[in-house]
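*Asks:* First the structure, then my questions, so here it is.
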Amino acid sequence: MALVIDAQVAGISGDMLLSALVNIGANKSKVIDGVYISESYLAGSKIQNINFEKTTKHGTEATRLVLDIKEGHHERRGIEIQDCILQILDKIELSDRAKGFAKDTIKSLIRAESKIHGEPIESVHLHEASSIDTVIDIIGSAIALDDLKFFSDEIISTPVAVGGGTLSFSHGITSNPASAILEIFRGSGIIMTGGGAREELTTPTGASLLVNLVSQCTEFYPSMKVKSIGYGAGSKDFERFPNVLKIVRGELTHQFEQDTVQIIETNIDDVSGEVIGQMIDKLITKGAKDVTVAPAITKKSRPTNLVSVICDPSDTNEMINTIASETGTLGVRVRTSNRHIIPRIIISVPITILGRTFTVQCKVIKDGNMTKHFKVEADNVKLVSESLDITFRDANELITAEVKKNLHLK
């Protein structure tokens, strides 16, 4: 199954995502009961009323979060919000995936503020995100996603509308999107678009939830049979479009992904292994999808190395220049090839090994809702190996066993 988070028109905020999850079928009472616990761990905050109600935005019926809180603090250190979330997670029953998602979301928010202000994570203050409603958005979304069993889905995002113009915040006036949004999205693969309003459409909490939830961002929906749809309303009203986040769940149709690549080849018979190794590193750094070097025999029984590089068509000239400059080859062969790719997703899996907790990235191939095959990223195995001072092979075996347990595989 796949879940598409469609934020290309109205953007995303924490309350919009939570409302959309309730609209699509999450247990409202379970969410409300879970977030009420937050009062006990965030001094000065009081939830006076919380509910989910139907509303209509520009002709679209949606669910909105109705929240009445009494807040005694205008700002808090990010670590206080994080500690509150961690204590709540210890008190409620959630899967490891849901708990990891909530922890990573608040960490993304704090890291962004720390980077922007140049302050240590332990002391950086949250301003607009310091209220108990941030805790409600994160904990509520984790509960709702877990209740719907959406963490086992492939979760995809459309490009995200962020709005334009300027906005006022605790440090004055800034251009929109704010620096926190840019920092959270940086390196995530999320595509930003302006959207149809000169106002903030995406909030830092919404952005943090999104980057820790989705496996990819794409301009088009995948091939899928639609099963259910959820609509989550934001608090603002716009003239040109409904302020609604749309989420769509469906059954993926099993089709191979297809693309076109260039294959560049050349024979090298007069350079050292060190030169070839340097060439491979540079080609990978510059975007090569794969580099293969194989021994071969050419004319006059001369030993040689056959170099084969797979790359995007747009990178062809860069690849040729790198091969030529690094090896001195006098020519290359280029051909176009179509690829049929087995669809895969990348998921984050929290694991515990020898008393230490890690989060590893896994490439997963699914058959329907069932995980057919997975592979842990080698860099993650290396990190665990070095952190625990064990061999790479032992680390890989321990990680594989923990991932199987987490994904309920035999």
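Identifiers for the structure tokens are assigned positionally: chains receive A, B, ... in sequence, residues are indexed from 1 per chain, and ligands are indexed from 1 in the order shown.
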For the structure I just gave you, how does DSSP split region 54-251 of chain A - specifically, which residues are alpha helix (DSSP H)? Reply as a PDB file with C-alpha atoms, in the first residue's frame.

*Replies:*
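File part-v4.pdb, as written:
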```
ATOM      1  CA  GLY A  78      13.806  22.905  22.578  1.00  0.00           C
ATOM      2  CA  ILE A  79      15.131  20.294  24.961  1.00  0.00           C
ATOM      3  CA  GLU A  80      12.107  20.895  27.239  1.00  0.00           C
ATOM      4  CA  ILE A  81       9.709  20.053  24.393  1.00  0.00           C
ATOM      5  CA  GLN A  82      11.826  17.010  23.541  1.00  0.00           C
ATOM      6  CA  ASP A  83      11.875  15.777  27.141  1.00  0.00           C
ATOM      7  CA  CYS A  84       8.090  16.161  27.309  1.00  0.00           C
ATOM      8  CA  ILE A  85       7.677  14.055  24.163  1.00  0.00           C
ATOM      9  CA  LEU A  86      10.078  11.379  25.429  1.00  0.00           C
ATOM     10  CA  GLN A  87       8.219  11.099  28.734  1.00  0.00           C
ATOM     11  CA  ILE A  88       4.882  10.773  26.956  1.00  0.00           C
ATOM     12  CA  LEU A  89       6.289   8.039  24.707  1.00  0.00           C
ATOM     13  CA  ASP A  90       7.275   6.106  27.815  1.00  0.00           C
ATOM     14  CA  LYS A  91       3.682   6.255  29.091  1.00  0.00           C
ATOM     15  CA  ASP A  96       8.974   1.283  17.920  1.00  0.00           C
ATOM     16  CA  ARG A  97       8.465   2.823  14.473  1.00  0.00           C
ATOM     17  CA  ALA A  98       5.955   5.338  15.846  1.00  0.00           C
ATOM     18  CA  LYS A  99       8.188   6.245  18.786  1.00  0.00           C
ATOM     19  CA  GLY A 100      11.202   6.659  16.504  1.00  0.00           C
ATOM     20  CA  PHE A 101       9.180   8.908  14.202  1.00  0.00           C
ATOM     21  CA  ALA A 102       8.117  11.185  17.076  1.00  0.00           C
ATOM     22  CA  LYS A 103      11.652  11.407  18.465  1.00  0.00           C
ATOM     23  CA  ASP A 104      13.184  12.159  15.051  1.00  0.00           C
ATOM     24  CA  THR A 105      10.561  14.821  14.305  1.00  0.00           C
ATOM     25  CA  ILE A 106      11.299  16.939  17.378  1.00  0.00           C
ATOM     26  CA  LYS A 107      15.034  16.440  16.830  1.00  0.00           C
ATOM     27  CA  SER A 108      14.693  17.816  13.278  1.00  0.00           C
ATOM     28  CA  LEU A 109      12.914  20.875  14.612  1.00  0.00           C
ATOM     29  CA  ILE A 110      15.527  21.539  17.307  1.00  0.00           C
ATOM     30  CA  ARG A 111      18.488  20.897  14.984  1.00  0.00           C
ATOM     31  CA  ALA A 112      17.131  23.422  12.480  1.00  0.00           C
ATOM     32  CA  GLU A 113      16.793  26.135  15.147  1.00  0.00           C
ATOM     33  CA  SER A 114      20.239  25.287  16.535  1.00  0.00           C
ATOM     34  CA  LYS A 115      21.814  25.603  13.081  1.00  0.00           C
ATOM     35  CA  ILE A 116      20.073  28.886  12.291  1.00  0.00           C
ATOM     36  CA  HIS A 117      20.904  30.606  15.573  1.00  0.00           C
ATOM     37  CA  ILE A 132       2.035  22.508  23.881  1.00  0.00           C
ATOM     38  CA  ASP A 133       0.347  22.398  20.468  1.00  0.00           C
ATOM     39  CA  THR A 134       3.705  21.293  18.974  1.00  0.00           C
ATOM     40  CA  VAL A 135       3.670  18.302  21.336  1.00  0.00           C
ATOM     41  CA  ILE A 136       0.037  17.601  20.418  1.00  0.00           C
ATOM     42  CA  ASP A 137       0.816  17.669  16.683  1.00  0.00           C
ATOM     43  CA  ILE A 138       3.790  15.289  16.983  1.00  0.00           C
ATOM     44  CA  ILE A 139       2.378  12.838  19.532  1.00  0.00           C
ATOM     45  CA  GLY A 140      -1.097  12.936  17.957  1.00  0.00           C
ATOM     46  CA  SER A 141       0.294  12.199  14.477  1.00  0.00           C
ATOM     47  CA  ALA A 142       2.406   9.309  15.796  1.00  0.00           C
ATOM     48  CA  ILE A 143      -0.652   7.808  17.523  1.00  0.00           C
ATOM     49  CA  ALA A 144      -2.852   8.260  14.447  1.00  0.00           C
ATOM     50  CA  LEU A 145      -0.288   6.807  12.007  1.00  0.00           C
ATOM     51  CA  ASP A 146       0.256   3.836  14.295  1.00  0.00           C
ATOM     52  CA  ASP A 147      -3.487   3.283  14.719  1.00  0.00           C
ATOM     53  CA  LEU A 148      -3.940   3.257  10.941  1.00  0.00           C
ATOM     54  CA  SER A 179      14.983  29.806   7.587  1.00  0.00           C
ATOM     55  CA  ALA A 180      13.699  26.926   9.728  1.00  0.00           C
ATOM     56  CA  ILE A 181      11.707  25.530   6.798  1.00  0.00           C
ATOM     57  CA  LEU A 182      14.721  25.766   4.486  1.00  0.00           C
ATOM     58  CA  GLU A 183      16.996  24.111   7.054  1.00  0.00           C
ATOM     59  CA  ILE A 184      14.548  21.250   7.694  1.00  0.00           C
ATOM     60  CA  PHE A 185      14.070  20.602   3.979  1.00  0.00           C
ATOM     61  CA  PRO A 204       8.317  24.144  10.785  1.00  0.00           C
ATOM     62  CA  THR A 205       6.408  21.438  12.664  1.00  0.00           C
ATOM     63  CA  GLY A 206       4.642  20.361   9.475  1.00  0.00           C
ATOM     64  CA  ALA A 207       7.962  20.274   7.613  1.00  0.00           C
ATOM     65  CA  SER A 208       9.617  18.218  10.379  1.00  0.00           C
ATOM     66  CA  LEU A 209       6.775  15.694  10.397  1.00  0.00           C
ATOM     67  CA  LEU A 210       6.965  15.382   6.623  1.00  0.00           C
ATOM     68  CA  VAL A 211      10.722  14.814   6.255  1.00  0.00           C
TER      69      VAL A 211
END
```

*Asks:* I want to know what sits within 7 Å of Glu265 (chain A), based on only C-alpha atoms, with residues of the same chain fewer than 4 positions away left out; could you give that as a list in words?

*Replies:*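 Counting only the stated atoms, we get Val307, Ser308, Val309, Val332, Arg333 and Val334 of chain A.
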
*Asks:* Using DSSP on the backbone coordinates, identify all residues within region 207-358 of chain A classified as strand (DSSP E or B); present the result as a ChimeraX atom specification.

*Replies:* /A:216-217,224-233,244-252,257-268,290-298,302-311,333-341,345-353,356-358

*Asks:* Just C-alpha atoms for this one: save the residues we selected as a tab-separated table (two decimals), in the first residue's frame.

*Replies:*
```
chain	number	residue	atom	x	y	z
A	216	GLN	CA	10.37	10.11	-1.60
A	217	CYS	CA	8.98	13.30	-3.12
A	224	MET	CA	-2.25	3.01	-7.55
A	225	LYS	CA	-5.86	2.00	-6.92
A	226	VAL	CA	-7.36	4.57	-4.52
A	227	LYS	CA	-8.80	3.04	-1.35
A	228	SER	CA	-9.33	6.00	1.02
A	229	ILE	CA	-8.86	9.78	1.15
A	230	GLY	CA	-8.39	12.14	4.08
A	231	TYR	CA	-8.77	15.93	4.19
A	232	GLY	CA	-7.21	18.00	6.98
A	233	ALA	CA	-8.13	21.69	7.24
A	244	VAL	CA	-6.72	21.65	3.03
A	245	LEU	CA	-4.05	18.96	3.17
A	246	LYS	CA	-5.08	15.89	1.17
A	247	ILE	CA	-3.79	12.40	1.93
A	248	VAL	CA	-4.57	9.48	-0.37
A	249	ARG	CA	-4.07	5.80	0.41
A	250	GLY	CA	-4.13	3.18	-2.28
A	251	GLU	CA	-2.91	-0.14	-3.52
A	252	LEU	CA	0.18	0.11	-5.67
A	257	GLU	CA	9.89	1.83	-12.87
A	258	GLN	CA	11.57	2.79	-16.12
A	259	ASP	CA	14.22	5.31	-17.03
A	260	THR	CA	16.94	5.91	-19.61
A	261	VAL	CA	20.65	5.97	-18.83
A	262	GLN	CA	23.90	6.44	-20.70
A	263	ILE	CA	26.60	3.76	-20.59
A	264	ILE	CA	30.13	5.04	-21.13
A	265	GLU	CA	32.94	2.57	-21.78
A	266	THR	CA	36.66	2.75	-22.41
A	267	ASN	CA	39.71	0.44	-22.26
A	268	ILE	CA	42.59	1.45	-19.98
A	290	ASP	CA	27.55	2.79	-10.99
A	291	VAL	CA	31.14	2.23	-12.08
A	292	THR	CA	32.48	-1.19	-13.06
A	293	VAL	CA	36.10	-2.08	-13.82
A	294	ALA	CA	36.74	-5.56	-15.24
A	295	PRO	CA	39.95	-7.18	-16.55
A	296	ALA	CA	40.01	-8.03	-20.25
A	297	ILE	CA	42.33	-8.98	-23.10
A	298	THR	CA	42.61	-6.79	-26.21
A	302	ARG	CA	47.44	-7.15	-24.20
A	303	PRO	CA	45.88	-7.09	-20.69
A	304	THR	CA	43.55	-4.13	-20.12
A	305	ASN	CA	40.83	-2.83	-17.80
A	306	LEU	CA	37.35	-2.29	-19.21
A	307	VAL	CA	35.76	0.70	-17.48
A	308	SER	CA	31.96	0.97	-17.68
A	309	VAL	CA	30.05	3.92	-16.21
A	310	ILE	CA	26.25	4.24	-15.88
A	311	CYS	CA	24.92	7.78	-15.54
A	333	ARG	CA	32.15	4.64	-26.33
A	334	VAL	CA	28.68	5.91	-25.39
A	335	ARG	CA	25.34	4.18	-25.80
A	336	THR	CA	21.82	4.74	-24.52
A	337	SER	CA	20.07	2.02	-22.54
A	338	ASN	CA	16.58	1.64	-21.06
A	339	ARG	CA	16.36	0.36	-17.48
A	340	HIS	CA	13.54	-1.50	-15.76
A	341	ILE	CA	13.86	-0.95	-12.02
A	345	ILE	CA	11.56	2.30	-0.66
A	346	ILE	CA	13.99	3.49	1.99
A	347	ILE	CA	12.76	3.28	5.57
A	348	SER	CA	14.29	4.18	8.93
A	349	VAL	CA	14.26	1.35	11.46
A	350	PRO	CA	15.13	1.89	15.15
A	351	ILE	CA	17.16	-1.00	16.60
A	352	THR	CA	18.92	-1.86	19.86
A	353	ILE	CA	22.22	-3.76	19.80
A	356	ARG	CA	22.91	0.82	22.34
A	357	THR	CA	20.13	2.34	20.25
A	358	PHE	CA	20.61	3.18	16.57
```

*Asks:* Neighbours of Asn396 (chain A) within 9 Å (only C-alpha atoms; same-chain residues fewer than 2 positions away dropped), as a PDB file with C-alpha atoms, in the first residue's frame?

*Replies:*
```pdb
ATOM      1  CA  VAL A 376      20.692  -2.285   5.324  1.00  0.00           C
ATOM      2  CA  ALA A 378      26.461  -0.240   4.301  1.00  0.00           C
ATOM      3  CA  VAL A 381      26.508  -1.051   9.269  1.00  0.00           C
ATOM      4  CA  LYS A 382      29.926   0.612   9.366  1.00  0.00           C
ATOM      5  CA  VAL A 384      27.352   0.426  14.239  1.00  0.00           C
ATOM      6  CA  SER A 385      30.526  -1.623  13.766  1.00  0.00           C
ATOM      7  CA  THR A 391      33.520  -6.526  13.017  1.00  0.00           C
ATOM      8  CA  PHE A 392      31.508  -5.352  10.043  1.00  0.00           C
ATOM      9  CA  ARG A 393      30.229  -8.892   9.501  1.00  0.00           C
ATOM     10  CA  ASP A 394      29.074  -9.278  13.111  1.00  0.00           C
ATOM     11  CA  LEU A 398      23.080  -8.343  14.480  1.00  0.00           C
ATOM     12  CA  ILE A 399      21.437  -5.489  12.565  1.00  0.00           C
ATOM     13  CA  THR A 400      19.737  -7.889  10.137  1.00  0.00           C
ATOM     14  CA  ALA A 401      18.279  -9.902  13.017  1.00  0.00           C
TER      15      ALA A 401
END
```

*Asks:* Report, in Å with one decimal, the straight-line distance from CA of Leu3 (chain A) to CA of Ser19 (chain A).

*Replies:*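 Here the two named atoms are 15.3 Å from each other.
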
*Asks:* Go through A:Ala2, A:Ile32, A:Ile12, A:Val271 one by one, measure the shortest atom-to-atom distance of each to Glu200 (chain A) using only C-alpha atoms, and give the residue with the smallest value.

*Replies:*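 Smallest distance to Glu200 (chain A) is found for A:Ile12.
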
*Asks:* Which one is closest to Phe52 (chain A): A:Ser40, A:Asn23, A:Gly34, A:Lys286? Count only C-alpha atoms.

*Replies:*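 Result for the nearest residue to Phe52 (chain A): A:Asn23.
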
*Asks:* My list of candidates is A:Val35, A:Ala178, A:Leu388, A:Val214. Which is closest to Ser157 (chain A) when distances are computed with only C-alpha atoms?

*Replies:*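 Of A:Val35, A:Ala178, A:Leu388, A:Val214, the one nearest Ser157 (chain A), counting only C-alpha atoms, is A:Val214.
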